[in-house]
>>> print(open('final12.cif').read())   # mmCIF, C-alpha atoms
data_protein
#
loop_
_atom_site.label_atom_id
_atom_site.label_comp_id
_atom_site.auth_asym_id
_atom_site.auth_seq_id
_atom_site.Cartn_x
_atom_site.Cartn_y
_atom_site.Cartn_z
CA MET Y 1 -2.29 -16.74 -43.59
CA ILE Y 2 -4.18 -14.92 -40.86
CA SER Y 3 -7.67 -16.30 -40.35
CA SER Y 4 -10.63 -13.97 -40.51
CA GLU Y 5 -11.16 -14.45 -36.76
CA THR Y 6 -7.78 -13.06 -35.74
CA LYS Y 7 -8.44 -9.92 -37.77
CA LYS Y 8 -11.27 -8.85 -35.48
CA THR Y 9 -10.42 -5.77 -33.49
CA PHE Y 10 -11.85 -3.36 -30.94
CA ARG Y 11 -10.62 0.12 -30.04
CA LEU Y 12 -8.87 0.59 -26.69
CA ASP Y 13 -8.01 4.20 -25.87
CA GLY Y 14 -8.05 4.88 -29.61
CA LYS Y 15 -5.74 1.96 -30.51
CA GLU Y 16 -6.96 -1.03 -32.55
CA ILE Y 17 -6.58 -4.23 -30.49
CA PRO Y 18 -6.86 -7.61 -32.26
CA PHE Y 19 -8.56 -10.49 -30.43
CA ARG Y 20 -9.42 -14.15 -30.79
CA GLU Y 21 -13.01 -15.35 -30.48
CA GLY Y 22 -13.79 -15.93 -26.80
CA GLN Y 23 -11.03 -13.66 -25.47
CA THR Y 24 -11.87 -11.08 -22.84
CA VAL Y 25 -11.11 -7.38 -23.20
CA PHE Y 26 -8.45 -7.83 -20.50
CA ASP Y 27 -6.71 -10.75 -22.24
CA ALA Y 28 -6.71 -9.08 -25.64
CA ALA Y 29 -5.37 -5.80 -24.20
CA MET Y 30 -2.57 -7.49 -22.24
CA ALA Y 31 -1.64 -9.65 -25.27
CA ALA Y 32 -1.36 -6.43 -27.29
CA GLY Y 33 0.96 -4.95 -24.64
CA VAL Y 34 -1.56 -2.68 -22.89
CA TYR Y 35 -1.51 -2.97 -19.09
CA ILE Y 36 -4.85 -2.87 -17.28
CA PRO Y 37 -4.40 -2.67 -13.46
CA HIS Y 38 -5.82 -5.71 -11.67
CA LEU Y 39 -5.55 -7.53 -8.33
CA CYS Y 40 -8.07 -10.37 -8.04
CA HIS Y 41 -7.35 -11.65 -11.54
CA ASN Y 42 -4.62 -14.08 -12.44
CA PRO Y 43 -4.84 -15.07 -16.12
CA ASP Y 44 -3.98 -18.69 -15.28
CA PHE Y 45 -7.24 -19.09 -13.35
CA GLU Y 46 -10.94 -18.34 -13.77
CA PRO Y 47 -11.68 -14.61 -13.46
CA HIS Y 48 -13.59 -13.38 -10.43
CA SER Y 49 -14.22 -9.68 -11.26
CA SER Y 50 -14.40 -8.66 -7.60
CA CYS Y 51 -11.62 -6.10 -7.13
CA ARG Y 52 -12.99 -3.88 -9.94
CA LEU Y 53 -9.55 -2.40 -10.59
CA CYS Y 54 -9.69 -3.63 -14.19
CA THR Y 55 -12.93 -1.72 -14.83
CA VAL Y 56 -13.01 -0.18 -18.30
CA ILE Y 57 -15.68 1.81 -20.10
CA VAL Y 58 -17.15 -0.24 -22.95
CA ASN Y 59 -19.39 1.72 -25.32
CA GLY Y 60 -20.02 4.21 -22.51
CA ARG Y 61 -20.72 1.73 -19.70
CA PRO Y 62 -18.38 0.36 -17.01
CA PHE Y 63 -17.46 -3.34 -17.07
CA ALA Y 64 -14.81 -5.49 -15.41
CA SER Y 65 -12.47 -6.17 -18.33
CA CYS Y 66 -11.38 -9.57 -16.91
CA THR Y 67 -14.85 -11.00 -17.59
CA GLN Y 68 -16.04 -8.77 -20.44
CA PRO Y 69 -15.91 -10.61 -23.79
CA ALA Y 70 -14.17 -8.73 -26.58
CA VAL Y 71 -16.53 -7.81 -29.43
CA ALA Y 72 -15.50 -6.44 -32.80
CA GLY Y 73 -15.91 -2.69 -33.10
CA GLN Y 74 -16.28 -2.01 -29.34
CA ASP Y 75 -15.02 1.33 -28.11
CA VAL Y 76 -13.12 0.72 -24.83
CA LYS Y 77 -11.54 3.31 -22.56
CA SER Y 78 -9.10 2.30 -19.81
CA ASP Y 79 -6.26 4.76 -19.29
CA THR Y 80 -8.40 7.81 -18.45
CA PRO Y 81 -7.96 10.24 -15.53
CA GLU Y 82 -11.39 9.25 -14.14
CA LEU Y 83 -10.77 5.48 -14.23
CA ASN Y 84 -7.28 5.84 -12.81
CA GLU Y 85 -8.62 8.01 -9.99
CA MET Y 86 -11.25 5.34 -9.24
CA ARG Y 87 -8.53 2.66 -9.25
CA ARG Y 88 -6.41 4.71 -6.84
CA THR Y 89 -9.41 5.17 -4.52
CA LEU Y 90 -10.21 1.43 -4.57
CA THR Y 91 -6.56 0.63 -3.82
CA GLU Y 92 -6.51 3.18 -0.99
CA MET Y 93 -9.58 1.51 0.52
CA LEU Y 94 -7.86 -1.89 0.39
CA PHE Y 95 -4.89 -0.42 2.26
CA ALA Y 96 -7.17 1.21 4.87
CA GLU Y 97 -9.22 -1.95 5.47
CA GLY Y 98 -6.27 -4.16 6.36
CA ASN Y 99 -3.02 -3.91 8.26
CA HIS Y 100 -0.61 -3.32 5.41
CA TYR Y 101 2.65 -2.36 7.11
CA CYS Y 102 4.91 -2.31 4.06
CA PRO Y 103 8.07 -1.48 6.07
CA ALA Y 104 7.54 -4.58 8.25
CA CYS Y 105 6.04 -6.98 5.68
CA GLU Y 106 8.05 -9.83 4.18
CA LYS Y 107 6.00 -9.57 0.98
CA SER Y 108 7.26 -6.04 0.27
CA GLY Y 109 8.70 -5.93 -3.25
CA ASN Y 110 6.79 -9.08 -4.27
CA CYS Y 111 3.38 -7.69 -3.26
CA ARG Y 112 0.92 -7.03 -6.05
CA LEU Y 113 -1.12 -4.61 -3.92
CA GLN Y 114 1.98 -2.49 -3.23
CA ALA Y 115 3.25 -2.76 -6.82
CA THR Y 116 -0.17 -1.89 -8.27
CA ALA Y 117 -0.38 1.14 -5.97
CA TYR Y 118 3.04 2.23 -7.27
CA ALA Y 119 1.90 1.75 -10.88
CA LEU Y 120 -1.16 3.90 -10.15
CA GLY Y 121 1.00 6.59 -8.52
CA LEU Y 122 -0.85 6.30 -5.19
CA GLN Y 123 0.64 8.95 -2.90
CA ASP Y 124 -2.46 9.56 -0.79
CA ASN Y 125 -4.17 8.00 2.19
CA GLN Y 126 -7.36 9.91 2.90
CA PHE Y 127 -9.45 7.23 4.67
CA PRO Y 128 -9.45 6.38 8.39
CA GLN Y 129 -7.48 3.20 9.05
CA PHE Y 130 -9.56 0.22 10.18
CA PHE Y 131 -6.72 -1.39 12.18
CA PRO Y 132 -8.62 -4.70 12.06
CA ARG Y 133 -7.81 -7.52 14.41
CA ARG Y 134 -8.43 -10.73 12.52
CA GLU Y 135 -7.17 -14.16 13.40
CA VAL Y 136 -3.62 -15.09 12.38
CA ASP Y 137 -3.25 -18.83 11.71
CA SER Y 138 0.32 -20.03 12.21
CA SER Y 139 -0.68 -23.59 13.08
CA HIS Y 140 0.65 -25.17 9.89
CA PRO Y 141 4.32 -26.23 9.84
CA ASP Y 142 4.91 -24.70 6.37
CA ILE Y 143 2.29 -21.99 5.87
CA ILE Y 144 1.25 -18.86 7.78
CA PHE Y 145 -2.08 -17.15 7.14
CA ASP Y 146 -2.40 -13.50 8.22
CA ARG Y 147 -6.00 -12.45 7.60
CA ASP Y 148 -5.15 -8.80 8.41
CA ARG Y 149 -3.36 -8.63 5.06
CA CYS Y 150 -6.06 -10.43 3.05
CA ILE Y 151 -7.75 -8.34 0.32
CA LEU Y 152 -10.44 -10.99 -0.37
CA CYS Y 153 -9.36 -11.51 -3.98
CA GLY Y 154 -10.59 -15.10 -3.72
CA LEU Y 155 -7.60 -16.55 -5.61
CA CYS Y 156 -6.81 -19.12 -2.89
CA LEU Y 157 -10.46 -20.26 -2.92
CA ARG Y 158 -10.64 -20.62 -6.66
CA ILE Y 159 -7.30 -22.35 -7.04
CA SER Y 160 -7.84 -24.74 -4.13
CA ARG Y 161 -11.24 -25.67 -5.54
CA ASP Y 162 -10.44 -25.77 -9.29
CA VAL Y 163 -6.78 -26.82 -9.45
CA ASP Y 164 -5.86 -28.56 -6.18
CA LYS Y 165 -9.39 -30.05 -5.94
CA LYS Y 166 -9.33 -29.59 -2.14
CA SER Y 167 -11.57 -26.58 -1.47
CA VAL Y 168 -9.54 -25.73 1.63
CA PHE Y 169 -10.61 -22.06 1.66
CA ALA Y 170 -14.03 -20.40 1.63
CA MET Y 171 -15.48 -16.95 2.32
CA THR Y 172 -17.87 -16.42 5.20
CA ASP Y 173 -20.10 -13.55 6.34
CA ARG Y 174 -20.88 -10.54 4.19
CA GLY Y 175 -19.81 -6.97 3.47
CA ILE Y 176 -17.11 -5.58 5.71
CA GLY Y 177 -17.36 -8.70 7.93
CA THR Y 178 -16.31 -10.99 5.08
CA THR Y 179 -13.37 -13.20 5.95
CA ILE Y 180 -11.66 -16.38 4.75
CA VAL Y 181 -12.32 -19.62 6.64
CA VAL Y 182 -10.46 -22.91 6.40
CA ASP Y 183 -12.14 -26.27 5.86
CA SER Y 184 -10.94 -28.34 8.83
CA PRO Y 185 -12.53 -29.57 12.09
CA SER Y 186 -10.67 -26.93 14.13
CA GLY Y 187 -10.78 -24.22 11.44
CA LEU Y 188 -6.96 -24.23 11.49
CA LEU Y 189 -4.68 -24.81 8.50
CA ALA Y 190 -2.75 -27.50 10.41
CA ASP Y 191 -5.86 -29.72 10.46
CA SER Y 192 -6.77 -29.08 6.81
CA LYS Y 193 -5.69 -30.87 3.63
CA VAL Y 194 -3.54 -27.92 2.53
CA ALA Y 195 0.10 -28.68 1.65
CA ARG Y 196 3.15 -26.57 0.93
CA THR Y 197 3.06 -27.73 -2.69
CA ASP Y 198 -0.57 -26.65 -3.29
CA GLU Y 199 -1.07 -24.14 -6.07
CA ALA Y 200 -3.54 -22.31 -3.84
CA VAL Y 201 -0.81 -21.09 -1.50
CA GLN Y 202 1.55 -19.97 -4.28
CA HIS Y 203 -0.50 -17.13 -5.78
CA CYS Y 204 -1.58 -14.88 -2.90
CA PRO Y 205 -1.08 -11.35 -4.30
CA VAL Y 206 -0.40 -9.94 -0.83
CA GLY Y 207 1.31 -11.21 2.33
CA ALA Y 208 -1.75 -13.07 3.65
CA LEU Y 209 -0.63 -16.60 2.71
CA MET Y 210 3.11 -16.95 3.14
CA MET Y 211 5.57 -19.82 3.29
CA LYS Y 212 7.49 -20.36 6.50
CA GLY Y 213 11.26 -20.68 6.29
CA GLU Y 214 11.67 -18.48 3.21
CA ALA Y 215 11.70 -15.02 4.78
CA TYR Y 216 14.21 -12.55 3.38
CA MET Y 217 15.94 -15.14 1.18
CA VAL Y 218 15.77 -12.44 -1.50
CA PRO Y 219 16.75 -9.09 0.02
CA ILE Y 220 14.51 -6.02 -0.17
CA GLY Y 221 15.42 -4.04 -3.27
CA ARG Y 222 16.09 -7.14 -5.41
CA ARG Y 223 12.58 -8.53 -5.48
CA ARG Y 224 10.26 -9.02 -8.40
CA TYR Y 225 8.67 -5.58 -8.58
CA ASP Y 226 11.84 -3.85 -7.37
CA LEU Y 227 13.45 -5.02 -10.60
CA ARG Y 228 10.54 -4.37 -12.98
CA PRO Y 229 7.36 -2.36 -12.27
CA ILE Y 230 4.18 -4.43 -12.29
CA ASN Y 231 2.78 -2.75 -15.40
CA GLU Y 232 5.76 -4.00 -17.41
CA ASP Y 233 6.07 -7.30 -15.54
CA SER Y 234 2.39 -8.29 -15.97
CA VAL Y 235 2.39 -7.56 -19.69
CA ALA Y 236 5.65 -9.44 -20.26
CA GLU Y 237 4.40 -12.41 -18.24
CA PHE Y 238 1.09 -12.43 -20.09
CA GLN Y 239 2.71 -12.23 -23.50
CA ALA Y 240 5.09 -15.08 -22.66
CA ARG Y 241 2.08 -17.14 -21.57
CA GLU Y 242 0.23 -16.33 -24.81
CA GLU Y 243 3.30 -17.29 -26.83
CA ALA Y 244 3.55 -20.63 -25.02
CA LEU Y 245 -0.17 -21.40 -25.35
CA HIS Y 246 -0.97 -20.09 -28.82
CA GLY Y 247 2.36 -19.54 -30.56
CA MET T 1 15.34 38.25 -4.38
CA ALA T 2 12.08 36.47 -3.55
CA LYS T 3 11.15 36.18 0.10
CA LYS T 4 12.42 32.96 1.63
CA ARG T 5 9.88 30.27 2.41
CA LYS T 6 9.70 29.15 6.02
CA ILE T 7 9.83 25.44 6.86
CA ALA T 8 9.02 23.85 10.23
CA THR T 9 9.50 20.17 11.07
CA CYS T 10 8.76 17.86 13.99
CA SER T 11 8.72 14.20 14.91
CA LEU T 12 5.71 12.73 16.75
CA ALA T 13 5.51 8.92 17.17
CA GLY T 14 8.42 8.37 14.81
CA CYS T 15 12.04 7.29 14.99
CA PHE T 16 13.67 10.41 13.49
CA GLY T 17 14.56 8.29 10.46
CA CYS T 18 12.69 10.72 8.21
CA HIS T 19 14.70 13.62 9.65
CA MET T 20 17.90 11.63 9.05
CA SER T 21 16.75 11.17 5.46
CA LEU T 22 16.17 14.92 5.19
CA LEU T 23 19.78 15.48 6.27
CA ASP T 24 20.77 12.99 3.55
CA ILE T 25 19.95 15.60 0.90
CA ASP T 26 23.59 16.51 1.67
CA GLU T 27 24.92 19.60 -0.13
CA ARG T 28 21.49 20.29 -1.63
CA ILE T 29 20.59 21.73 1.78
CA ILE T 30 22.72 24.76 0.79
CA ALA T 31 20.58 25.29 -2.34
CA LEU T 32 17.49 24.81 -0.16
CA LEU T 33 18.68 27.45 2.31
CA ASP T 34 18.93 29.95 -0.56
CA LEU T 35 15.19 29.54 -1.06
CA ALA T 36 13.95 28.68 2.42
CA GLU T 37 14.76 28.96 6.10
CA PHE T 38 14.02 26.61 8.95
CA ASP T 39 11.65 27.72 11.68
CA ARG T 40 10.82 25.30 14.53
CA SER T 41 12.68 22.07 13.92
CA PRO T 42 14.83 19.53 15.78
CA ILE T 43 17.52 20.50 13.27
CA ASN T 44 17.94 23.97 14.86
CA ASP T 45 16.31 23.15 18.23
CA ILE T 46 13.75 25.99 18.00
CA LYS T 47 10.85 24.83 20.18
CA GLU T 48 7.85 26.84 18.97
CA ILE T 49 6.71 28.10 15.58
CA ARG T 50 6.93 31.92 15.48
CA GLY T 51 4.10 33.35 13.38
CA MET T 52 3.07 31.49 10.23
CA VAL T 53 5.31 29.19 8.21
CA ASP T 54 4.82 28.07 4.62
CA ILE T 55 5.58 24.35 4.89
CA GLY T 56 5.24 22.01 7.87
CA LEU T 57 6.81 18.56 7.65
CA ILE T 58 5.66 16.03 10.23
CA GLU T 59 7.20 12.65 10.83
CA GLY T 60 5.51 9.98 12.97
CA GLY T 61 1.93 9.16 13.88
CA VAL T 62 -0.10 10.34 16.87
CA CYS T 63 0.35 8.16 19.95
CA ASN T 64 -0.10 10.50 22.93
CA VAL T 65 -1.70 13.75 24.09
CA GLU T 66 1.46 15.79 23.51
CA ASN T 67 1.49 14.60 19.88
CA VAL T 68 -2.11 15.82 19.47
CA HIS T 69 -1.24 19.30 20.82
CA LEU T 70 1.89 19.64 18.69
CA LEU T 71 0.01 18.47 15.59
CA HIS T 72 -2.71 21.10 16.16
CA HIS T 73 0.03 23.73 16.76
CA PHE T 74 1.53 22.82 13.37
CA ARG T 75 -1.83 22.85 11.59
CA GLU T 76 -2.61 26.30 12.99
CA HIS T 77 0.76 27.71 11.96
CA CYS T 78 1.52 25.96 8.64
CA ARG T 79 -0.02 26.99 5.33
CA VAL T 80 0.84 23.59 3.86
CA LEU T 81 1.13 20.54 6.10
CA VAL T 82 2.89 17.40 4.84
CA SER T 83 2.80 13.89 6.33
CA VAL T 84 6.31 12.51 5.94
CA GLY T 85 6.85 8.75 6.09
CA GLU T 86 4.69 5.70 6.75
CA CYS T 87 4.06 6.42 10.46
CA ALA T 88 2.61 9.86 9.68
CA ILE T 89 0.59 8.51 6.75
CA THR T 90 -0.74 5.20 8.14
CA GLY T 91 0.34 5.03 11.80
CA GLY T 92 3.17 2.76 10.68
CA ILE T 93 5.16 0.48 12.95
CA PRO T 94 4.01 2.15 16.25
CA SER T 95 0.40 1.41 15.24
CA MET T 96 1.13 -2.31 15.32
CA ARG T 97 0.24 -1.96 19.00
CA ASN T 98 -3.34 -1.20 17.90
CA SER T 99 -4.15 -4.90 17.72
CA LEU T 100 -3.56 -5.11 21.48
CA SER T 101 -5.15 -3.14 24.30
CA LEU T 102 -3.10 -0.31 25.78
CA LYS T 103 -3.25 -2.09 29.16
CA ALA T 104 -1.80 -5.27 27.64
CA CYS T 105 1.03 -3.28 26.00
CA LEU T 106 1.95 -1.46 29.22
CA GLU T 107 1.80 -4.63 31.31
CA GLU T 108 3.95 -6.50 28.81
CA SER T 109 6.58 -3.75 28.92
CA TYR T 110 6.55 -2.74 32.57
CA ILE T 111 5.03 -5.62 34.59
CA ARG T 112 5.63 -8.97 32.88
CA GLY T 113 8.54 -8.06 30.59
CA VAL T 114 11.77 -10.06 30.74
CA GLY T 115 14.22 -8.52 33.24
CA VAL T 116 11.74 -6.01 34.68
CA GLU T 117 12.63 -4.91 38.22
CA ASN T 118 10.41 -2.82 40.52
CA ALA T 119 7.50 -3.61 38.25
CA HIS T 120 5.01 -0.74 37.90
CA ILE T 121 3.49 1.20 35.07
CA PRO T 122 5.20 4.65 34.91
CA ASP T 123 2.81 7.33 36.15
CA ASP T 124 4.96 10.46 36.46
CA PRO T 125 2.73 13.48 35.66
CA GLU T 126 5.48 14.72 33.29
CA LEU T 127 4.81 11.76 31.00
CA PRO T 128 2.23 12.48 28.26
CA LEU T 129 -0.83 10.27 28.44
CA LEU T 130 -0.93 7.56 25.77
CA LEU T 131 -3.87 7.31 23.36
CA ASP T 132 -5.71 4.01 23.16
CA LYS T 133 -4.63 3.67 19.52
CA VAL T 134 -1.86 5.17 17.38
CA ARG T 135 -3.41 7.24 14.59
CA PRO T 136 -2.17 8.64 11.29
CA LEU T 137 -2.06 12.45 11.12
CA HIS T 138 -4.96 12.84 8.68
CA GLU T 139 -7.35 11.34 11.25
CA VAL T 140 -6.65 14.32 13.55
CA VAL T 141 -6.09 17.35 11.26
CA HIS T 142 -6.31 18.08 7.54
CA ILE T 143 -3.16 17.04 5.69
CA ASP T 144 -2.29 18.62 2.35
CA TYR T 145 0.38 16.27 0.96
CA ARG T 146 2.08 12.98 1.76
CA VAL T 147 5.59 11.68 1.17
CA PRO T 148 5.54 7.89 1.62
CA GLY T 149 8.52 5.74 2.54
CA CYS T 150 10.20 4.28 5.60
CA PRO T 151 11.93 6.62 5.44
CA PRO T 152 11.26 8.51 2.21
CA SER T 153 14.55 8.69 0.31
CA ALA T 154 16.52 11.93 0.38
CA ASP T 155 15.71 12.25 -3.33
CA ALA T 156 11.97 11.93 -2.64
CA LEU T 157 12.15 14.56 0.13
CA TRP T 158 14.22 16.84 -2.07
CA HIS T 159 11.73 16.42 -4.93
CA VAL T 160 8.78 17.32 -2.69
CA LEU T 161 10.52 20.18 -0.86
CA SER T 162 11.86 21.80 -4.01
CA ALA T 163 8.41 21.50 -5.62
CA LEU T 164 6.64 23.04 -2.60
CA VAL T 165 9.18 25.85 -2.26
CA ALA T 166 8.65 26.65 -5.95
CA GLY T 167 4.87 26.41 -5.56
CA ARG T 168 4.52 23.25 -7.70
CA ASP T 169 2.46 20.10 -7.08
CA PRO T 170 4.79 17.69 -5.23
CA HIS T 171 3.72 14.51 -7.01
CA LEU T 172 6.47 11.88 -6.86
CA PRO T 173 7.71 10.22 -10.07
CA PRO T 174 7.43 6.37 -10.10
CA ALA T 175 11.10 5.85 -9.30
CA LEU T 176 10.75 7.76 -6.00
CA LEU T 177 7.42 6.28 -4.85
CA LYS T 178 8.16 3.67 -2.15
CA TYR T 179 6.21 2.55 0.91
CA ASP T 180 9.07 0.67 2.61
#
>>> encode(input="final12.cif", output="structure tokens")
Amino acid sequence: MISSETKKTFRLDGKEIPFREGQTVFDAAMAAGVYIPHLCHNPDFEPHSSCRLCTVIVNGRPFASCTQPAVAGQDVKSDTPELNEMRRTLTEMLFAEGNHYCPACEKSGNCRLQATAYALGLQDNQFPQFFPRREVDSSHPDIIFDRDRCILCGLCLRISRDVDKKSVFAMTDRGIGTTIVVDSPSGLLADSKVARTDEAVQHCPVGALMMKGEAYMVPIGRRRYDLRPINEDSVAEFQAREEALHG
Amino acid sequence: MAKKRKIATCSLAGCFGCHMSLLDIDERIIALLDLAEFDRSPINDIKEIRGMVDIGLIEGGVCNVENVHLLHHFREHCRVLVSVGECAITGGIPSMRNSLSLKACLEESYIRGVGVENAHIPDDPELPLLLDKVRPLHEVVHIDYRVPGCPPSADALWHVLSALVAGRDPHLPPALLKYD
């Protein structure tokens, strides 16, 4: 028998979405098979609501769906021309702020920034390129850290702090000067507690944190988002996770 | 029969890979030539655009003074100007030099490079002056449309060209949208 709690629903783009008490709009939508574009959020870790790609309109006001609790009877809009245009613009800005050379990047095909841009149909680039010159840290024997590709999603910070219990990464400065620093006497990864097996270095959505010695083991064209677009892949992954956790 | 559309193409700081991809439309070029004709292009070796053309396709970013002049020539003579490929859209691979100074790049190539003999930085007046940074086209002139890819596939170029020739919006379907 279905409990009264699981019967609660809200409306998402006109469709009734069931949710459990405590679920976010994002989690309930993905569990129901509705993709909401996102970059800084990984459902396995605490949400951060910084990339704003998952912004939806709840009862007429914008909220980040990854942190917005689902409430019965809410009217939520996500797949609208206005929101998708905003998401494309935000994604374009992320590309312009870093050095994202897809043709020369080992992450191509596994990159969530690239795959999300594809899912949004991003065919434009209207902003001046920053061409930043940030420090590349290749000191570690197993890990390379290219800050020019970092989109400041904060996943490495959160995971290193909450899961690995090492707090290797932190953000410093503000605004456009924000960058990731490493907790070690020299500021280099080689002198930090980070290890190849850390969760924090497994979930970088872009090619900022990469493993050495694994380049091109899977050829371009046969990578994760080459095989299945991110909108389908994310929903399938989320639903499998829900199935495993809640049956 | 409707008047044929005129198409002009050029390569700035590119590798001609996008032009190779254009030739990869294979026999569809015959269908294209029923609807359009090529004006200035490396394909027919015409050097200057004569009058106005309908569609300008530009491959490559802007890395030197000659590129800037040719880009302005295209903008002045093309009703619709299209950035073709990653170098035109973002600066691409040539813009990887932007993280170094121009002096450091030239010295690495012509002074300190492995196997360099008679080391000096080329200064023949025939050589176009390099810009301090490689720029995407839209930072110099207004660009109407973009076809991403390195290079864009022949199918993507065909999709965009056939749409533009027919006067349609050349938005790429998901299967043809690639940045690498």
>>> closest_residue(input="final12.cif", among="T:Ser41, T:Ser11, T:Ser83, T:Asn67", to="Asp144 (chain T)", atoms="all atoms listed in the file")
T:Ser83
>>> atom_distance(input="final12.cif", atom1="CA of Arg228 (chain Y)", atom2="CA of Pro43 (chain Y)")
19.0 Å
>>> residues_around(input="final12.cif", residues="Met93 (chain Y)", least_positions_apart="5", cutoff="12 Å", atoms="all atoms listed in the file", output="PyMOL selection string")
chain Y and resi 51+53+86-88+98-100+113+117+122+124-130+151+176
>>> interface_residues(input="final12.cif", of="chain Y", to="chain T", cutoff="12 Å", atoms="only C-alpha atoms", output="PyMOL selection string")
chain Y and resi 92+95-109+111+113-136+148+220-221+225-231
>>> resolve_selection(input="final12.cif", expression="the PyMOL selection byres ((chain Y and resi 61-74) around 8)", output="ChimeraX atom specification")
/Y:8-11,19,21-28,41,47-49,52-60,75-76
>>> residues_around(input="final12.cif", residues="Gly17 (chain T)", least_positions_apart="4", cutoff="10 Å", atoms="all atoms listed in the file", output="list in words")
Ser11, Ser21, Leu22, Leu23, Glu59, Gly60, Gly85, Cys150, Pro151 and Pro152 of chain T
>>> resolve_selection(input="final12.cif", expression="the PyMOL selection byres ((chain Y and resi 205-214) around 9)", output="PyMOL selection string")
chain Y and resi 39-40+100+105-108+110-114+141-151+153+155-156+196+201-204+215-218
>>> atom_distance(input="final12.cif", atom1="CA of Ile55 (chain T)", atom2="CA of Val82 (chain T)")
7.5 Å
>>> decode(input="final12.cif", residues="region 17-31 of chain T", atoms="N, CA and C atoms", output="compact mmCIF listing (two decimals), in the first residue's frame")
# COMPACT_ATOMS: atom_id res chain seq x y z
N GLY T 17 41.18 22.51 -42.08
CA GLY T 17 40.38 21.32 -41.79
C GLY T 17 38.91 21.54 -42.04
N CYS T 18 38.44 22.76 -41.75
CA CYS T 18 37.01 23.05 -41.97
C CYS T 18 36.69 23.05 -43.46
N HIS T 19 37.63 23.57 -44.27
CA HIS T 19 37.42 23.52 -45.73
C HIS T 19 37.45 22.08 -46.22
N MET T 20 38.34 21.26 -45.64
CA MET T 20 38.36 19.83 -46.02
C MET T 20 37.01 19.19 -45.71
N SER T 21 36.46 19.57 -44.54
CA SER T 21 35.16 19.03 -44.14
C SER T 21 34.06 19.49 -45.10
N LEU T 22 34.19 20.73 -45.59
CA LEU T 22 33.22 21.23 -46.57
C LEU T 22 33.28 20.37 -47.84
N LEU T 23 34.50 20.01 -48.26
CA LEU T 23 34.63 19.16 -49.45
C LEU T 23 34.07 17.76 -49.17
N ASP T 24 34.02 17.38 -47.88
CA ASP T 24 33.47 16.06 -47.53
C ASP T 24 31.96 15.96 -47.71
N ILE T 25 31.29 17.06 -48.10
CA ILE T 25 29.86 16.91 -48.40
C ILE T 25 29.68 16.08 -49.68
N ASP T 26 30.84 15.78 -50.33
CA ASP T 26 30.86 14.87 -51.48
C ASP T 26 29.87 15.30 -52.57
N GLU T 27 29.05 14.35 -53.05
CA GLU T 27 28.21 14.65 -54.22
C GLU T 27 27.14 15.71 -53.91
N ARG T 28 26.93 15.99 -52.63
CA ARG T 28 25.93 17.02 -52.30
C ARG T 28 26.37 18.39 -52.81
N ILE T 29 27.68 18.52 -53.11
CA ILE T 29 28.16 19.81 -53.64
C ILE T 29 27.50 20.11 -54.99
N ILE T 30 27.09 19.06 -55.71
CA ILE T 30 26.40 19.26 -57.00
C ILE T 30 25.02 19.88 -56.75
N ALA T 31 24.31 19.33 -55.74
CA ALA T 31 23.00 19.91 -55.37
C ALA T 31 23.18 21.34 -54.90
